[in-house]
$ cat data-v2.tsv   # TSV, C-alpha atoms
chain	number	residue	atom	x	y	z
A	1	SER	CA	-23.56	72.40	46.46
A	2	GLN	CA	-25.15	69.47	48.19
A	3	GLU	CA	-24.47	68.76	51.82
A	4	LEU	CA	-25.15	65.74	53.95
A	5	GLU	CA	-25.86	66.14	57.62
A	6	GLN	CA	-25.71	63.19	59.98
A	7	SER	CA	-27.19	62.98	63.43
A	8	PRO	CA	-26.31	62.33	66.07
A	9	GLN	CA	-22.58	62.95	65.82
A	10	SER	CA	-21.93	60.50	68.59
A	11	LEU	CA	-23.95	57.76	70.22
A	12	ILE	CA	-23.26	55.60	73.25
A	13	VAL	CA	-25.70	52.76	73.90
A	14	GLN	CA	-25.91	49.73	76.11
A	15	GLU	CA	-25.66	46.36	74.45
A	16	GLY	CA	-29.06	45.11	73.39
A	17	LYS	CA	-30.57	48.54	72.81
A	18	ASN	CA	-31.95	49.73	69.50
A	19	LEU	CA	-30.66	52.88	67.85
A	20	THR	CA	-31.20	55.06	64.80
A	21	ILE	CA	-28.79	57.23	62.83
A	22	ASN	CA	-30.09	59.83	60.40
A	23	CYS	CA	-28.69	61.31	57.22
A	24	THR	CA	-30.33	64.38	55.69
A	25	SER	CA	-29.57	65.90	52.32
A	26	SER	CA	-30.13	69.45	51.17
A	27	LYS	CA	-31.02	68.14	47.71
A	28	THR	CA	-32.76	65.13	46.20
A	29	LEU	CA	-30.65	62.02	46.28
A	30	TYR	CA	-30.10	59.77	43.31
A	31	GLY	CA	-28.35	57.21	45.46
A	32	LEU	CA	-27.66	56.88	49.16
A	33	TYR	CA	-24.91	54.66	50.52
A	34	TRP	CA	-24.24	53.57	54.06
A	35	TYR	CA	-20.74	52.61	55.14
A	36	LYS	CA	-19.18	51.49	58.41
A	37	GLN	CA	-15.62	52.33	59.42
A	38	LYS	CA	-13.50	50.99	62.23
A	39	TYR	CA	-11.10	53.62	63.53
A	40	GLY	CA	-8.03	53.88	61.32
A	41	GLU	CA	-9.38	51.50	58.69
A	42	GLY	CA	-11.14	51.65	55.37
A	43	LEU	CA	-14.88	51.84	54.81
A	44	ILE	CA	-17.04	48.76	54.60
A	45	PHE	CA	-20.11	48.97	52.40
A	46	LEU	CA	-23.39	48.23	54.16
A	47	MET	CA	-26.26	49.14	51.86
A	48	MET	CA	-27.29	51.24	48.90
A	49	LEU	CA	-30.74	52.80	48.47
A	50	GLN	CA	-31.99	54.38	45.29
A	51	LYS	CA	-35.76	54.44	45.22
A	52	GLY	CA	-38.04	56.60	47.33
A	53	GLY	CA	-39.49	54.55	50.15
A	54	GLU	CA	-36.92	51.80	49.69
A	55	GLU	CA	-35.91	49.74	52.70
A	56	LYS	CA	-33.13	47.17	52.97
A	57	SER	CA	-31.99	44.96	55.80
A	58	HIS	CA	-28.88	43.00	56.51
A	59	GLU	CA	-28.68	41.00	59.72
A	60	LYS	CA	-29.73	43.49	62.42
A	61	ILE	CA	-29.25	46.64	60.37
A	62	THR	CA	-32.08	48.26	58.40
A	63	ALA	CA	-31.74	51.30	56.17
A	64	LYS	CA	-34.58	53.34	54.73
A	65	LEU	CA	-34.83	56.14	52.19
A	66	ASP	CA	-37.80	58.45	52.51
A	67	GLU	CA	-40.28	59.04	49.69
A	68	LYS	CA	-38.85	62.44	48.87
A	69	LYS	CA	-35.36	60.94	48.69
A	70	GLN	CA	-33.82	63.54	50.96
A	71	GLN	CA	-33.48	61.63	54.19
A	72	SER	CA	-32.24	58.21	55.14
A	73	SER	CA	-32.15	56.39	58.44
A	74	LEU	CA	-30.05	53.48	59.63
A	75	HIS	CA	-31.57	51.41	62.39
A	76	ILE	CA	-29.72	48.82	64.44
A	77	THR	CA	-31.76	46.35	66.44
A	78	ALA	CA	-30.39	44.77	69.61
A	79	SER	CA	-26.98	46.42	69.31
A	80	GLN	CA	-23.82	44.44	70.00
A	81	PRO	CA	-20.21	45.53	70.65
A	82	SER	CA	-19.40	44.44	67.09
A	83	HIS	CA	-21.63	47.25	65.83
A	84	ALA	CA	-19.30	49.87	67.29
A	85	GLY	CA	-17.58	52.13	64.79
A	86	ILE	CA	-18.21	55.15	62.62
A	87	TYR	CA	-21.20	55.10	60.31
A	88	LEU	CA	-21.03	57.31	57.24
A	89	CYS	CA	-23.65	58.08	54.66
A	90	GLY	CA	-22.59	58.93	51.13
A	91	ALA	CA	-24.76	60.37	48.41
A	92	ASP	CA	-24.85	60.88	44.71
A	93	SER	CA	-27.08	63.83	43.95
A	94	HIS	CA	-26.66	64.39	40.25
A	95	ASN	CA	-26.32	60.82	39.04
A	96	THR	CA	-22.59	61.28	38.77
A	97	ASP	CA	-19.80	59.03	39.88
A	98	LYS	CA	-18.75	61.33	42.67
A	99	LEU	CA	-20.00	60.75	46.16
A	100	ILE	CA	-20.18	63.27	48.96
A	101	PHE	CA	-20.10	62.06	52.53
A	102	GLY	CA	-21.62	63.08	55.81
A	103	THR	CA	-19.37	63.76	58.79
A	104	GLY	CA	-20.13	60.41	60.35
A	105	THR	CA	-21.75	59.09	63.51
A	106	ARG	CA	-19.49	57.48	66.08
A	107	LEU	CA	-21.24	54.57	67.79
A	108	GLN	CA	-20.03	52.99	71.00
A	109	VAL	CA	-21.76	49.95	72.47
A	110	PHE	CA	-20.96	49.00	76.04
A	111	PRO	CA	-21.78	45.66	77.72
B	1	ASP	CA	-8.87	37.65	46.39
B	2	GLY	CA	-10.08	40.80	44.67
B	3	GLY	CA	-9.67	44.09	46.45
B	4	ILE	CA	-7.87	47.37	46.89
B	5	THR	CA	-4.48	47.67	48.50
B	6	GLN	CA	-2.88	50.78	49.86
B	7	SER	CA	0.66	51.01	51.05
B	8	PRO	CA	2.15	51.77	53.39
B	9	LYS	CA	-0.28	51.73	56.32
B	10	TYR	CA	1.69	54.46	58.12
B	11	LEU	CA	3.95	57.05	56.53
B	12	PHE	CA	6.11	59.69	58.14
B	13	ARG	CA	7.72	62.57	56.27
B	14	LYS	CA	9.52	65.77	56.99
B	15	GLU	CA	7.89	69.02	56.00
B	16	GLY	CA	8.89	70.13	52.53
B	17	GLN	CA	9.20	66.63	51.08
B	18	ASN	CA	6.91	65.19	48.45
B	19	VAL	CA	5.47	61.78	49.22
B	20	THR	CA	3.61	59.28	47.04
B	21	LEU	CA	0.85	57.04	48.34
B	22	SER	CA	0.17	53.82	46.50
B	23	CYS	CA	-3.25	52.46	45.51
B	24	GLU	CA	-3.76	49.27	43.50
B	25	GLN	CA	-6.96	47.41	42.65
B	26	ASN	CA	-7.57	44.09	40.95
B	27	LEU	CA	-11.34	44.45	40.68
B	28	ASN	CA	-11.18	45.59	37.05
B	29	HIS	CA	-12.94	48.81	38.04
B	30	ASP	CA	-12.82	51.76	35.68
B	31	ALA	CA	-13.14	54.51	38.29
B	32	MET	CA	-10.74	55.25	41.11
B	33	TYR	CA	-10.84	57.91	43.81
B	34	TRP	CA	-8.70	59.52	46.48
B	35	TYR	CA	-10.22	60.90	49.66
B	36	ARG	CA	-8.83	62.64	52.66
B	37	GLN	CA	-10.31	62.14	56.13
B	38	ASP	CA	-9.60	64.43	59.08
B	39	PRO	CA	-10.81	63.93	62.66
B	40	GLY	CA	-14.46	64.90	63.06
B	41	GLN	CA	-14.92	65.35	59.34
B	42	GLY	CA	-16.29	63.20	56.62
B	43	LEU	CA	-14.40	62.16	53.53
B	44	ARG	CA	-13.37	64.87	51.11
B	45	LEU	CA	-12.62	64.06	47.49
B	46	ILE	CA	-9.13	64.95	46.28
B	47	TYR	CA	-8.98	63.50	42.76
B	48	TYR	CA	-10.82	60.89	40.75
B	49	SER	CA	-10.32	59.08	37.48
B	50	GLN	CA	-12.82	57.28	35.28
B	51	ILE	CA	-10.45	56.11	32.58
B	52	VAL	CA	-6.76	55.53	32.07
B	53	ASN	CA	-4.72	58.66	31.36
B	54	ASP	CA	-7.54	60.93	32.50
B	55	PHE	CA	-8.43	62.34	35.91
B	56	GLN	CA	-10.38	65.21	37.43
B	57	LYS	CA	-9.91	67.42	40.46
B	58	GLY	CA	-12.15	66.87	43.40
B	59	ASP	CA	-13.04	69.39	46.08
B	60	ILE	CA	-9.59	69.73	47.65
B	61	ALA	CA	-7.05	69.06	44.89
B	62	GLU	CA	-4.62	71.87	45.73
B	63	GLY	CA	-1.24	70.53	46.80
B	64	TYR	CA	-1.90	67.05	45.39
B	65	SER	CA	-1.18	65.34	42.09
B	66	VAL	CA	-2.17	61.98	40.61
B	67	SER	CA	-1.51	59.79	37.60
B	68	ARG	CA	-3.47	56.98	35.98
B	69	GLU	CA	-1.11	55.19	33.64
B	70	LYS	CA	-2.66	51.78	34.30
B	71	LYS	CA	-6.22	50.79	35.05
B	72	GLU	CA	-5.23	49.07	38.28
B	73	SER	CA	-3.09	51.85	39.73
B	74	PHE	CA	-3.85	55.39	40.91
B	75	PRO	CA	-0.97	56.82	42.97
B	76	LEU	CA	-1.38	60.07	44.87
B	77	THR	CA	1.51	62.48	45.44
B	78	VAL	CA	1.26	64.85	48.36
B	79	THR	CA	3.46	67.78	47.46
B	80	SER	CA	5.18	70.32	49.67
B	81	ALA	CA	2.55	72.81	48.52
B	82	GLN	CA	-0.13	71.05	50.60
B	83	LYS	CA	-0.43	73.17	53.74
B	84	ASN	CA	-1.81	70.54	56.10
B	85	PRO	CA	-0.84	67.14	54.72
B	86	THR	CA	-1.18	65.16	57.95
B	87	ALA	CA	-4.35	63.10	57.51
B	88	PHE	CA	-5.81	59.68	56.79
B	89	TYR	CA	-5.93	58.99	53.05
B	90	LEU	CA	-8.39	56.56	51.54
B	91	CYS	CA	-8.42	55.17	48.02
B	92	ALA	CA	-11.56	53.72	46.44
B	93	SER	CA	-12.67	52.20	43.18
B	94	SER	CA	-15.98	51.44	41.52
B	95	PRO	CA	-17.38	50.16	38.26
B	96	LEU	CA	-19.02	52.75	36.05
B	97	THR	CA	-21.70	50.43	34.72
B	98	PRO	CA	-23.79	49.28	36.44
B	99	ARG	CA	-23.78	51.88	39.18
B	100	ASP	CA	-22.45	50.27	42.28
B	101	GLU	CA	-20.90	51.15	45.58
B	102	GLN	CA	-17.33	52.33	45.94
B	103	TYR	CA	-14.91	49.80	47.37
B	104	PHE	CA	-12.37	51.23	49.78
B	105	GLY	CA	-8.81	50.35	50.59
B	106	PRO	CA	-7.52	50.12	54.18
B	107	GLY	CA	-6.10	53.65	54.12
B	108	THR	CA	-2.71	55.28	54.69
B	109	ARG	CA	-2.07	57.51	57.67
B	110	LEU	CA	0.37	60.23	56.69
B	111	THR	CA	2.14	62.25	59.35
B	112	VAL	CA	4.26	65.22	58.32
B	113	THR	CA	6.44	66.92	60.92
$ encode --input "data-v2.tsv" --output "structure tokens"
Amino acid sequence: SQELEQSPQSLIVQEGKNLTINCTSSKTLYGLYWYKQKYGEGLIFLMMLQKGGEEKSHEKITAKLDEKKQQSSLHITASQPSHAGIYLCGADSHNTDKLIFGTGTRLQVFP
Amino acid sequence: DGGITQSPKYLFRKEGQNVTLSCEQNLNHDAMYWYRQDPGQGLRLIYYSQIVNDFQKGDIAEGYSVSREKKESFPLTVTSAQKNPTAFYLCASSPLTPRDEQYFGPGTRLTVT
């Protein structure tokens, strides 16, 4: 079965710093989704990537999917306290309607 | 406003009791999902449904049951057979066509003592 591994598990950065979170799949991805979660709340959709080499940006967050479609990165530029939370990647490996999720990366941003 | 609602936000039950978690969506989505989230772990799929009156087991269905009598509603029952029911439960929905992201509800935190 497919697994998603996220790294790092936890990240603490100073406000204004850039950071990158990675999501690696054991199998080729048909779709890769990035979500953000505040503790004790639901998931908020950030971006979806489907094509190899695809890159999308929203405000200060950029997500990329590699050409082989097995690894994705989420990059935050000039981090702010509002970026704090848990970032989860979800993937659809067999073009089904089921997603599997990584274990998440907990981001803390201090002033 | 369109969205997914889950109620209640917090739920407390005694061991041995069944409990039903509510999930309603007004997004006209065909598919609905139930996930469980434990500390330090990602989301694990319990059950999902792509059409009314039909549903499939996910990866951790044992001790849970669902129904899908209406398109907008997908309640989850945590039975006494579930060994470790204390967790954060998330409901989601998505359209089947075109492929799109899953929309999540705010979650229900269930504590069983």
$ closest_residue --input "data-v2.tsv" --among "B:Ser22, B:Leu27, B:Tyr89, B:Ile51" --to "Leu110 (chain B)" --atoms "all atoms listed in the file"
B:Tyr89
$ interface_residues --input "data-v2.tsv" --of "chain B" --to "chain A" --cutoff "9 Å" --atoms "only C-alpha atoms" --output "list in words"
Ala31, Tyr33, Gly40, Gln41, Gly42, Leu43, Arg44, Leu45, Tyr48, Gln50, Gly58, Phe88, Leu90, Cys91, Ser94, Leu96, Arg99, Asp100, Glu101, Gln102, Tyr103, Phe104, Gly105, Pro106, Gly107, Thr108 and Arg109 of chain B
$ closest_residue --input "data-v2.tsv" --among "B:Ser93, B:Glu69, B:Asn84, B:Gly2" --to "Asn26 (chain B)" --atoms "all atoms listed in the file"
B:Gly2
$ residues_around --input "data-v2.tsv" --residues "Tyr64 (chain B)" --least-positions-apart "6" --cutoff "9 Å" --atoms "only C-alpha atoms" --output "list in words"
Ile46, Tyr47, Leu76, Thr77, Val78, Thr79, Ser80, Ala81 and Gln82 of chain B
$ atom_distance --input "data-v2.tsv" --atom1 "CA of Pro81 (chain A)" --atom2 "CA of Lys38 (chain A)"
12.1 Å
$ atom_distance --input "data-v2.tsv" --atom1 "CA of Glu5 (chain A)" --atom2 "CA of His58 (chain A)"
23.4 Å
$ atom_distance --input "data-v2.tsv" --atom1 "CA of Ile60 (chain B)" --atom2 "CA of Gln70 (chain A)"
25.2 Å
$ axis_aligned_box --input "data-v2.tsv" --around "region 62-81 of chain B" --padding-each-side "6 Å" --output "JSON"
{"center_x": -0.5, "center_y": 60.9, "center_z": 41.7, "size_x": 23.4, "size_y": 35.7, "size_z": 28.0}
